[in-house]
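*Asks:* Contents are compact mmCIF, C-alpha atoms and all ligand atoms; file name work03.txt:
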```
# COMPACT_ATOMS: atom_id res chain seq x y z
CA MET A 233 86.40 124.77 102.65
CA PRO A 234 89.22 127.34 102.48
CA THR A 235 89.53 130.08 99.91
CA LEU A 236 90.97 128.37 96.84
CA ALA A 237 93.65 130.20 94.88
CA GLY A 238 93.52 130.96 91.17
CA SER A 239 91.24 129.26 88.67
CA VAL A 240 89.43 126.30 90.19
CA ILE A 241 89.25 123.12 88.14
CA ASP A 242 86.64 120.66 89.35
CA VAL A 243 87.84 117.07 89.13
CA THR A 244 85.58 114.13 89.91
CA THR A 245 86.57 110.55 90.63
CA THR A 246 84.13 107.67 90.27
CA ASP A 247 84.13 103.91 90.40
CA ARG A 248 81.53 101.32 89.57
CA GLY A 249 79.63 101.83 92.78
CA ARG A 250 78.25 105.09 91.46
CA SER A 251 78.75 104.54 87.74
CA MET A 252 75.11 104.71 86.69
CA MET A 253 76.15 105.72 83.19
CA ALA A 254 77.63 102.30 82.51
CA GLY A 255 75.54 100.48 79.97
CA PRO A 256 75.76 97.19 78.13
CA GLY A 257 79.15 96.69 76.60
CA MET A 258 80.95 98.95 79.02
CA MET A 259 83.36 97.45 81.50
CA SER A 260 81.51 97.05 84.76
CA GLY A 261 84.73 97.49 86.71
CA SER A 262 85.71 100.77 85.13
CA MET A 263 86.80 103.78 87.14
CA ARG A 264 86.97 107.33 85.90
CA LEU A 265 88.74 110.60 86.66
CA THR A 266 87.21 113.56 84.86
CA ALA A 267 87.83 117.31 84.85
CA ASP A 268 85.21 119.97 84.15
CA ARG A 269 87.28 121.29 81.23
CA ALA A 270 89.96 120.09 78.82
CA THR A 271 91.75 123.44 78.49
CA VAL A 272 92.68 126.15 80.96
CA VAL A 273 94.75 129.33 80.86
CA HIS A 274 98.15 129.04 82.55
CA GLY A 275 98.88 130.45 85.97
CA LYS A 276 97.82 129.55 89.47
CA LEU A 277 95.35 126.67 89.28
CA THR A 278 93.57 124.85 92.07
CA PHE A 279 92.43 121.31 91.40
CA LEU A 280 89.42 120.58 93.59
CA VAL A 281 88.95 116.82 93.57
CA THR A 282 85.60 115.39 94.65
CA ASN A 283 85.46 111.67 95.23
CA ALA A 284 82.03 110.56 94.01
CA GLY A 285 83.07 106.92 94.20
CA THR A 286 82.84 104.27 96.89
CA ILE A 287 86.55 103.76 97.63
CA PRO A 288 89.46 106.19 98.21
CA HIS A 289 91.03 107.93 95.19
CA GLU A 290 93.72 110.54 94.51
CA MET A 291 94.81 112.84 91.68
CA LEU A 292 98.34 113.49 90.45
CA VAL A 293 99.43 116.07 87.88
CA VAL A 294 102.23 114.92 85.57
CA PRO A 295 103.38 116.54 82.29
CA LEU A 296 102.84 114.67 79.03
CA ALA A 297 106.00 114.44 76.93
CA GLY A 298 105.96 115.12 73.20
CA THR A 299 103.01 113.40 71.55
CA GLN A 300 102.38 111.09 74.52
CA SER A 301 98.69 110.51 75.17
CA ALA A 302 96.93 110.15 78.49
CA GLY A 303 96.38 106.54 79.46
CA THR A 304 99.52 105.20 77.80
CA ARG A 305 101.87 105.00 80.79
CA PRO A 306 103.08 101.45 81.45
CA VAL A 307 101.49 99.87 84.51
CA GLY A 308 103.94 98.06 86.79
CA ARG A 309 103.52 94.79 88.64
CA ASP A 310 102.25 96.75 91.64
CA GLY A 311 99.40 98.11 89.54
CA ARG A 312 100.81 101.62 89.57
CA VAL A 313 102.57 103.84 87.03
CA ASP A 314 105.82 105.78 87.38
CA GLU A 315 105.14 109.05 89.22
CA ALA A 316 108.46 110.63 88.23
CA GLY A 317 107.94 114.22 87.21
CA SER A 318 104.79 114.64 89.28
CA LEU A 319 104.14 118.32 89.96
CA GLY A 320 101.75 117.73 92.82
CA GLU A 321 98.83 115.72 94.04
CA ALA A 322 95.52 115.92 95.82
CA ALA A 323 95.37 112.84 98.00
CA ALA A 324 94.18 114.01 101.40
CA THR A 325 90.63 114.02 102.76
CA CYS A 326 89.37 117.57 103.24
CA ALA A 327 92.91 118.95 103.00
CA GLU A 328 95.51 120.10 100.49
CA GLY A 329 98.24 118.00 99.00
CA GLU A 330 99.57 114.55 99.73
CA GLY A 331 97.81 111.98 101.88
CA ASP A 332 96.46 108.47 102.11
CA GLY A 333 93.72 109.06 99.55
CA ILE A 334 90.52 111.09 99.40
CA LEU A 335 87.70 109.20 101.09
CA PRO A 336 84.32 108.69 99.39
CA SER A 337 82.09 111.80 99.41
CA ALA A 338 85.06 113.97 100.46
CA THR A 339 87.20 116.50 98.62
CA GLY A 340 90.92 117.16 98.45
CA TRP A 341 92.77 119.87 96.60
CA VAL A 342 96.12 121.11 95.41
CA THR A 343 97.20 124.49 94.02
CA LEU A 344 99.86 124.53 91.31
CA ASP A 345 101.40 127.17 89.07
CA LEU A 346 101.30 125.48 85.67
CA GLN A 347 103.11 126.59 82.54
CA PRO A 348 101.56 126.10 79.09
CA GLY A 349 101.71 122.50 78.00
CA ARG A 350 99.89 119.18 78.13
CA TYR A 351 99.35 117.39 81.40
CA GLU A 352 97.89 114.13 82.53
CA LEU A 353 95.73 113.94 85.64
CA PHE A 354 95.46 110.47 87.08
CA CYS A 355 94.83 108.30 90.11
CA ASN A 356 97.75 106.05 91.00
CA LEU A 357 96.25 103.81 93.63
CA PRO A 358 96.96 100.19 92.65
CA GLY A 359 94.96 99.18 89.58
CA HIS A 360 93.14 102.48 89.19
CA TYR A 361 95.14 103.83 86.24
CA TRP A 362 94.63 100.57 84.38
CA ALA A 363 90.91 100.78 85.17
CA GLY A 364 90.68 104.14 83.42
CA MET A 365 91.40 106.86 85.97
CA TYR A 366 93.19 109.38 83.80
CA THR A 367 92.42 112.44 81.72
CA GLU A 368 94.33 115.07 79.76
CA LEU A 369 94.48 118.79 80.49
CA THR A 370 95.94 121.38 78.12
CA VAL A 371 97.28 124.58 79.66
CA THR A 372 97.44 127.45 77.16
CU CU A 401 91.46 105.84 92.10
```
Would you kindly transcribe this structure into structure tokens?
Ligand SMILES: [Cu+2]
*Replies:*
Amino acid sequence: MPTLAGSVIDVTTTDRGRSMMAGPGMMSGSMRLTADRATVVHGKLTFLVTNAGTIPHEMLVVPLAGTQSAGTRPVGRDGRVDEAGSLGEAAATCAEGEGDGILPSATGWVTLDLQPGRYELFCNLPGHYWAGMYTELTVT
């Protein structure tokens, strides 16, 4: 693991293979992308993404416009959402930046200089956003 710049935000991705928290009434097929905080001070931020699931995942950082909420982006026929406006992504196994996905039990990371605002972190592999892989981060 290299020296990570700025504040480090721990992000975890899971899918049903490791979703022991799922109880009766919860969707058995759900996937999650969670951060260790909902708010962070602006500046240089490193997103350290750990894939605790059983299939590859990724994490993109895209601003939320106006009053837009996380999880409301329209999902296309290909099972993905529009990535326009993406500021960066962690999608490589044991490396920074773009790639073919972070393999199970591996980490990927990306360092970004974020201005104050609201951002959505999500996985855009086909079907994963729909399955619940998104969360909101506020930068103050
Ligand atoms: Cu995913």
*Asks:* Tell me which of A:Ala327, A:Cys355, A:Val273, A:Ala316 sits closest to Thr245 in chain A, counting all atoms listed in the file.
*Replies:*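 That would be A:Cys355, the residue with the smallest distance to Thr245 in chain A.
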*Asks:* What is the distance, in Å and to one decimal place, between CA of Thr304 in chain A and CA of Tyr351 in chain A?
*Replies:*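 Straight-line distance from CA of Thr304 in chain A to CA of Tyr351 in chain A works out to 12.7 Å.
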*Asks:* Using all atoms listed in the file, find each protein or nucleic acid residue lying at most 8 Å from ligand CU 401 (chain A); present the set as a PDB file with C-alpha atoms, in the frame of the given file.
*Replies:*
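Result written to out_0.pdb:
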```pdb
ATOM      1  CA  THR A 245      86.570 110.550  90.630  1.00  0.00           C
ATOM      2  CA  THR A 246      84.130 107.670  90.270  1.00  0.00           C
ATOM      3  CA  ASP A 247      84.130 103.910  90.400  1.00  0.00           C
ATOM      4  CA  MET A 263      86.800 103.780  87.140  1.00  0.00           C
ATOM      5  CA  ARG A 264      86.970 107.330  85.900  1.00  0.00           C
ATOM      6  CA  LEU A 265      88.740 110.600  86.660  1.00  0.00           C
ATOM      7  CA  ILE A 287      86.550 103.760  97.630  1.00  0.00           C
ATOM      8  CA  PRO A 288      89.460 106.190  98.210  1.00  0.00           C
ATOM      9  CA  HIS A 289      91.030 107.930  95.190  1.00  0.00           C
ATOM     10  CA  GLU A 290      93.720 110.540  94.510  1.00  0.00           C
ATOM     11  CA  MET A 291      94.810 112.840  91.680  1.00  0.00           C
ATOM     12  CA  PHE A 354      95.460 110.470  87.080  1.00  0.00           C
ATOM     13  CA  CYS A 355      94.830 108.300  90.110  1.00  0.00           C
ATOM     14  CA  ASN A 356      97.750 106.050  91.000  1.00  0.00           C
ATOM     15  CA  LEU A 357      96.250 103.810  93.630  1.00  0.00           C
ATOM     16  CA  PRO A 358      96.960 100.190  92.650  1.00  0.00           C
ATOM     17  CA  GLY A 359      94.960  99.180  89.580  1.00  0.00           C
ATOM     18  CA  HIS A 360      93.140 102.480  89.190  1.00  0.00           C
ATOM     19  CA  TYR A 361      95.140 103.830  86.240  1.00  0.00           C
ATOM     20  CA  MET A 365      91.400 106.860  85.970  1.00  0.00           C
TER      21      MET A 365
END
```
*Asks:* Tell me which residues come within 10 Å of (101.9, 115.9, 81.6), as a list in words, counting all atoms listed in the file in the file's coordinates.
*Replies:*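 Output of the proximity query reads Leu292, Val293, Val294, Pro295, Leu296, Ala297, Gly298, Gln300, Ser301, Ala302, Gly317, Ser318, Leu319, Gly349, Arg350, Tyr351, Glu352, Leu353, Glu368, Leu369 and Thr370 of chain A.
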*Asks:* Tell me which protein, DNA and RNA residues are within 12 Å of Arg269 in chain A, counting only C-alpha atoms, leaving out same-chain ones fewer than 6 positions away, and put them as a ChimeraX atom specification.
*Replies:* /A:239-244,279,367-371
*Asks:* Save out the residues we just selected, C-alpha atoms, as a PDB file, in the frame of the given file.
*Replies:*
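Heads up, here's the output in again-v5.pdb:
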```pdb
ATOM      1  CA  SER A 239      91.240 129.260  88.670  1.00  0.00           C
ATOM      2  CA  VAL A 240      89.430 126.300  90.190  1.00  0.00           C
ATOM      3  CA  ILE A 241      89.250 123.120  88.140  1.00  0.00           C
ATOM      4  CA  ASP A 242      86.640 120.660  89.350  1.00  0.00           C
ATOM      5  CA  VAL A 243      87.840 117.070  89.130  1.00  0.00           C
ATOM      6  CA  THR A 244      85.580 114.130  89.910  1.00  0.00           C
ATOM      7  CA  PHE A 279      92.430 121.310  91.400  1.00  0.00           C
ATOM      8  CA  THR A 367      92.420 112.440  81.720  1.00  0.00           C
ATOM      9  CA  GLU A 368      94.330 115.070  79.760  1.00  0.00           C
ATOM     10  CA  LEU A 369      94.480 118.790  80.490  1.00  0.00           C
ATOM     11  CA  THR A 370      95.940 121.380  78.120  1.00  0.00           C
ATOM     12  CA  VAL A 371      97.280 124.580  79.660  1.00  0.00           C
TER      13      VAL A 371
END
```
*Asks:* Could you tell me which of A:Thr343, A:Ser337, A:Thr286, A:Thr271 comes closest to Gly320 in chain A if we count all atoms listed in the file?
*Replies:*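 Nearest candidate to Gly320 in chain A out of A:Thr343, A:Ser337, A:Thr286, A:Thr271: A:Thr343.
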*Asks:* Of the candidates A:Leu277, A:Tyr366, A:Val272, A:Gln347, which one gets nearest to Arg305 in chain A if we count all atoms listed in the file?
*Replies:*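 The answer is A:Tyr366, which sits nearest to Arg305 in chain A.
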*Asks:* Would you mind reading off the distance between CA of Leu346 in chain A and CA of Ala270 in chain A, one decimal, in Å?
*Replies:*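 Interatomic distance here is 14.3 Å.
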*Asks:* Which one is closest to Leu280 in chain A: A:Glu321, A:Asp345, A:Asp314, A:Asp332? Count all atoms listed in the file.
*Replies:*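 Ranking A:Glu321, A:Asp345, A:Asp314, A:Asp332 by distance to Leu280 in chain A, first place goes to A:Glu321.
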*Asks:* To one decimal place in Å, what is the distance between CA of Gly238 in chain A and CA of Val313 in chain A?
*Replies:*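 Between these atoms lies a distance of 28.9 Å.
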*Asks:* Which polymer residues have any atom within 7 Å of an atom of Ala324 in chain A, counting all atoms listed in the file, with same-chain residues fewer than 4 positions away left out, as JSON, numbers by chain?
*Replies:* {"A": [328, 329, 330, 331, 332, 333, 334, 340]}
